[in-house]
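Student: I am sharing structure-v2.txt, which consists of compact mmCIF, N, CA and C atoms:
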# COMPACT_ATOMS: atom_id res chain seq x y z
N MET D 1 -28.69 25.43 7.26
CA MET D 1 -28.74 23.99 7.05
C MET D 1 -28.91 23.68 5.56
N ARG D 2 -29.68 24.52 4.89
CA ARG D 2 -29.95 24.30 3.48
C ARG D 2 -28.68 24.48 2.64
N TYR D 3 -27.77 25.33 3.09
CA TYR D 3 -26.53 25.57 2.35
C TYR D 3 -25.44 24.56 2.70
N LEU D 4 -25.64 23.84 3.76
CA LEU D 4 -24.62 22.89 4.21
C LEU D 4 -24.50 21.69 3.27
N ILE D 5 -25.61 21.22 2.75
CA ILE D 5 -25.59 20.04 1.86
C ILE D 5 -24.84 20.32 0.56
N PRO D 6 -25.10 21.43 -0.15
CA PRO D 6 -24.32 21.67 -1.38
C PRO D 6 -22.83 21.88 -1.10
N ILE D 7 -22.50 22.51 0.03
CA ILE D 7 -21.09 22.70 0.37
C ILE D 7 -20.43 21.35 0.64
N ALA D 8 -21.13 20.47 1.34
CA ALA D 8 -20.58 19.14 1.62
C ALA D 8 -20.41 18.34 0.32
N LEU D 9 -21.36 18.43 -0.60
CA LEU D 9 -21.24 17.72 -1.88
C LEU D 9 -20.09 18.28 -2.70
N LEU D 10 -19.90 19.59 -2.67
CA LEU D 10 -18.79 20.20 -3.39
C LEU D 10 -17.45 19.75 -2.80
N ALA D 11 -17.37 19.67 -1.49
CA ALA D 11 -16.14 19.22 -0.84
C ALA D 11 -15.85 17.75 -1.18
N LEU D 12 -16.88 16.93 -1.23
CA LEU D 12 -16.67 15.53 -1.59
C LEU D 12 -16.25 15.37 -3.04
N ALA D 13 -16.78 16.23 -3.91
CA ALA D 13 -16.40 16.16 -5.32
C ALA D 13 -14.93 16.53 -5.50
N ALA D 14 -14.41 17.42 -4.69
CA ALA D 14 -13.00 17.82 -4.80
C ALA D 14 -12.08 16.71 -4.32
N CYS D 15 -12.54 15.82 -3.46
CA CYS D 15 -11.69 14.74 -2.96
C CYS D 15 -11.34 13.75 -4.06
N GLY D 16 -12.19 13.59 -5.05
CA GLY D 16 -11.97 12.58 -6.08
C GLY D 16 -11.09 13.03 -7.22
N SER D 17 -10.64 14.27 -7.23
CA SER D 17 -9.84 14.73 -8.35
C SER D 17 -8.46 14.09 -8.29
N ARG D 18 -8.01 13.61 -9.44
CA ARG D 18 -6.70 12.97 -9.51
C ARG D 18 -5.96 13.56 -10.70
N GLY D 19 -4.72 13.81 -10.52
CA GLY D 19 -3.90 14.33 -11.60
C GLY D 19 -2.51 13.76 -11.51
N GLU D 20 -1.68 14.17 -12.44
CA GLU D 20 -0.32 13.69 -12.45
C GLU D 20 0.44 14.31 -11.30
N LEU D 21 1.28 13.53 -10.65
CA LEU D 21 2.06 14.04 -9.53
C LEU D 21 3.17 14.94 -10.02
N LYS D 22 3.31 16.07 -9.37
CA LYS D 22 4.36 17.03 -9.71
C LYS D 22 4.96 17.54 -8.41
N PRO D 23 6.22 17.96 -8.45
CA PRO D 23 6.81 18.53 -7.24
C PRO D 23 6.14 19.86 -6.90
N ALA D 24 6.24 20.25 -5.65
CA ALA D 24 5.67 21.51 -5.20
C ALA D 24 6.34 22.67 -5.94
N PRO D 25 5.63 23.80 -6.08
CA PRO D 25 6.24 24.95 -6.75
C PRO D 25 7.54 25.36 -6.04
N GLY D 26 8.58 25.55 -6.83
CA GLY D 26 9.88 25.90 -6.27
C GLY D 26 10.67 24.69 -5.81
N GLY D 27 10.08 23.52 -5.82
CA GLY D 27 10.76 22.31 -5.39
C GLY D 27 11.19 21.47 -6.57
N SER D 28 11.82 20.37 -6.28
CA SER D 28 12.25 19.46 -7.34
C SER D 28 12.08 18.03 -6.84
N LEU D 29 12.26 17.11 -7.74
CA LEU D 29 12.18 15.70 -7.37
C LEU D 29 13.35 15.35 -6.45
N PRO D 30 13.23 14.27 -5.67
CA PRO D 30 14.36 13.87 -4.83
C PRO D 30 15.59 13.58 -5.68
N VAL D 31 16.75 13.67 -5.07
CA VAL D 31 17.99 13.42 -5.80
C VAL D 31 18.06 11.96 -6.23
N LYS D 32 18.89 11.73 -7.23
CA LYS D 32 19.06 10.39 -7.76
C LYS D 32 19.65 9.49 -6.68
N PRO D 33 19.07 8.29 -6.44
CA PRO D 33 19.65 7.38 -5.45
C PRO D 33 21.06 6.96 -5.84
N TYR D 34 21.87 6.68 -4.83
CA TYR D 34 23.25 6.28 -5.06
C TYR D 34 23.27 4.98 -5.85
N GLY D 35 23.99 4.96 -6.94
CA GLY D 35 24.12 3.76 -7.76
C GLY D 35 23.07 3.65 -8.85
N ALA D 36 22.06 4.52 -8.86
CA ALA D 36 21.03 4.47 -9.90
C ALA D 36 21.53 5.17 -11.15
N THR D 37 21.04 4.74 -12.29
CA THR D 37 21.47 5.36 -13.55
C THR D 37 20.65 6.59 -13.89
N ALA D 38 19.43 6.70 -13.35
CA ALA D 38 18.57 7.85 -13.66
C ALA D 38 17.72 8.19 -12.44
N THR D 39 17.22 9.43 -12.42
CA THR D 39 16.33 9.85 -11.34
C THR D 39 14.96 9.22 -11.57
N PRO D 40 14.36 8.60 -10.56
CA PRO D 40 13.05 7.97 -10.75
C PRO D 40 11.96 9.02 -10.98
N THR D 41 10.96 8.65 -11.76
CA THR D 41 9.82 9.53 -12.02
C THR D 41 8.86 9.46 -10.83
N PRO D 42 7.92 10.41 -10.72
CA PRO D 42 6.97 10.35 -9.61
C PRO D 42 6.17 9.05 -9.56
N SER D 43 5.79 8.51 -10.72
CA SER D 43 5.03 7.25 -10.71
C SER D 43 5.90 6.10 -10.21
N GLN D 44 7.19 6.12 -10.53
CA GLN D 44 8.08 5.07 -10.04
C GLN D 44 8.29 5.20 -8.54
N LEU D 45 8.30 6.43 -8.02
CA LEU D 45 8.46 6.63 -6.59
C LEU D 45 7.22 6.17 -5.82
N MET D 46 6.04 6.23 -6.43
CA MET D 46 4.81 5.82 -5.76
C MET D 46 4.58 4.32 -5.81
N GLU D 47 5.32 3.62 -6.65
CA GLU D 47 5.18 2.16 -6.78
C GLU D 47 5.83 1.49 -5.58
N PRO D 48 5.10 0.62 -4.86
CA PRO D 48 5.71 -0.01 -3.69
C PRO D 48 6.80 -1.01 -4.09
N ALA D 49 7.79 -1.10 -3.24
CA ALA D 49 8.88 -2.04 -3.48
C ALA D 49 8.39 -3.47 -3.22
N PRO D 50 9.05 -4.48 -3.79
CA PRO D 50 8.63 -5.86 -3.54
C PRO D 50 8.66 -6.23 -2.07
N GLN D 51 9.55 -5.63 -1.29
CA GLN D 51 9.59 -5.92 0.14
C GLN D 51 8.40 -5.31 0.86
N ALA D 52 7.85 -4.22 0.34
CA ALA D 52 6.71 -3.57 0.98
C ALA D 52 5.42 -4.34 0.71
N ARG D 53 5.32 -5.01 -0.42
CA ARG D 53 4.12 -5.76 -0.76
C ARG D 53 4.53 -7.10 -1.37
N PRO D 54 4.95 -8.05 -0.53
CA PRO D 54 5.40 -9.34 -1.07
C PRO D 54 4.23 -10.17 -1.59
N GLU D 55 4.55 -11.03 -2.52
CA GLU D 55 3.53 -11.93 -3.06
C GLU D 55 3.46 -13.17 -2.18
N ARG D 56 2.27 -13.73 -2.11
CA ARG D 56 2.10 -14.94 -1.32
C ARG D 56 2.43 -16.15 -2.18
N LYS D 57 3.31 -16.99 -1.70
CA LYS D 57 3.74 -18.14 -2.48
C LYS D 57 3.06 -19.44 -2.07
N ASP D 58 2.49 -19.48 -0.87
CA ASP D 58 1.89 -20.73 -0.42
C ASP D 58 0.36 -20.64 -0.49
N GLU D 59 -0.24 -21.63 -1.03
CA GLU D 59 -1.70 -21.73 -1.09
C GLU D 59 -2.12 -22.72 -0.02
N LEU D 60 -2.68 -22.21 1.05
CA LEU D 60 -3.00 -23.07 2.17
C LEU D 60 -4.07 -24.10 1.83
N LEU D 61 -5.05 -23.71 1.04
CA LEU D 61 -6.13 -24.64 0.73
C LEU D 61 -5.69 -25.72 -0.26
N LYS D 62 -4.75 -25.40 -1.13
CA LYS D 62 -4.31 -26.38 -2.12
C LYS D 62 -3.28 -27.34 -1.55
N SER D 63 -2.45 -26.86 -0.63
CA SER D 63 -1.39 -27.71 -0.10
C SER D 63 -1.67 -28.11 1.35
N SER D 64 -2.93 -28.23 1.72
CA SER D 64 -3.23 -28.60 3.10
C SER D 64 -2.93 -30.08 3.31
N GLU D 65 -2.35 -30.35 4.44
CA GLU D 65 -2.00 -31.72 4.80
C GLU D 65 -2.42 -31.95 6.25
N GLU D 66 -2.60 -33.19 6.59
CA GLU D 66 -2.94 -33.51 7.96
C GLU D 66 -1.69 -33.33 8.81
N ARG D 67 -1.84 -32.67 9.94
CA ARG D 67 -0.70 -32.41 10.80
C ARG D 67 -0.26 -33.68 11.51
N PRO D 68 1.04 -33.82 11.69
CA PRO D 68 1.51 -34.97 12.46
C PRO D 68 1.15 -34.79 13.94
N ARG D 69 1.07 -35.89 14.63
CA ARG D 69 0.69 -35.85 16.04
C ARG D 69 1.77 -35.15 16.84
N ASP D 70 1.35 -34.24 17.73
CA ASP D 70 2.28 -33.48 18.56
C ASP D 70 2.02 -33.86 20.02
N ASP D 71 3.00 -34.50 20.67
CA ASP D 71 2.83 -34.94 22.03
C ASP D 71 2.76 -33.76 23.03
N PHE D 72 3.26 -32.62 22.65
CA PHE D 72 3.26 -31.47 23.54
C PHE D 72 2.07 -30.56 23.35
N ASP D 73 1.17 -30.88 22.43
CA ASP D 73 -0.03 -30.08 22.20
C ASP D 73 -1.12 -30.58 23.15
N LEU D 74 -1.07 -30.10 24.39
CA LEU D 74 -1.97 -30.56 25.44
C LEU D 74 -3.07 -29.53 25.66
N PRO D 75 -4.24 -29.97 26.14
CA PRO D 75 -5.29 -28.99 26.45
C PRO D 75 -4.90 -28.17 27.68
N PRO D 76 -5.45 -26.97 27.81
CA PRO D 76 -5.08 -26.14 28.97
C PRO D 76 -5.59 -26.77 30.28
N THR D 77 -4.82 -26.56 31.32
CA THR D 77 -5.22 -27.08 32.63
C THR D 77 -5.94 -26.00 33.40
N ARG D 78 -6.77 -26.40 34.35
CA ARG D 78 -7.52 -25.42 35.13
C ARG D 78 -6.81 -25.00 36.35
Translate the structure of the given file into structure tokens.
Tutor:
Amino acid sequence: MRYLIPIALLALAACGSRGELKPAPGGSLPVKPYGATATPTPSQLMEPAPQARPERKDELLKSSEERPRDDFDLPPTR
């Protein structure tokens, strides 16, 4: 039990190590996409596309308006 705590701390310390991304030994970067002028770097490949992380354009609290009356918005029946 006494040896378990230092081993756990050592394992947690290894989780935080960060370095530059490189291809596996003997491997290479993915091929150049069709129509691209250059092969993307690892950092460019890790950057999410705009479709994967879209920006929010509407501010609900700033552009809040009173809703018009809806005749079909009825309470539930029992």
Student: What is the atom C of Gly26 in chain D to atom N of Thr39 in chain D distance in Å?
Tutor: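 Spanning atom C of Gly26 in chain D to atom N of Thr39 in chain D is a straight-line distance of 17.9 Å.
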Student: List as a PyMOL selection string the protein and nucleic acid residues near range 40-42 of chain D, meaning an atom at most 6.5 Å away when all atoms listed in the file are counted, but skip any in the same chain fewer than 6 places from it.
Tutor: chain D and resi 21+32-33
Student: Could you give me the residues within chain D that DSSP places in alpha helix (DSSP H), as a PyMOL selection string?
Tutor: chain D and resi 4-15+42-46
Student: Report, in Å to a single decimal, how far apart CA of Ser43 in chain D and atom C of Lys22 in chain D are.
Tutor: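 We find that atom C of Lys22 in chain D and CA of Ser43 in chain D lie 10.5 Å from each other.
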Student: Between CA of Leu45 in chain D and CA of Pro25 in chain D, what distance in Å does the model show, to one decimal?
Tutor: 18.5 Å
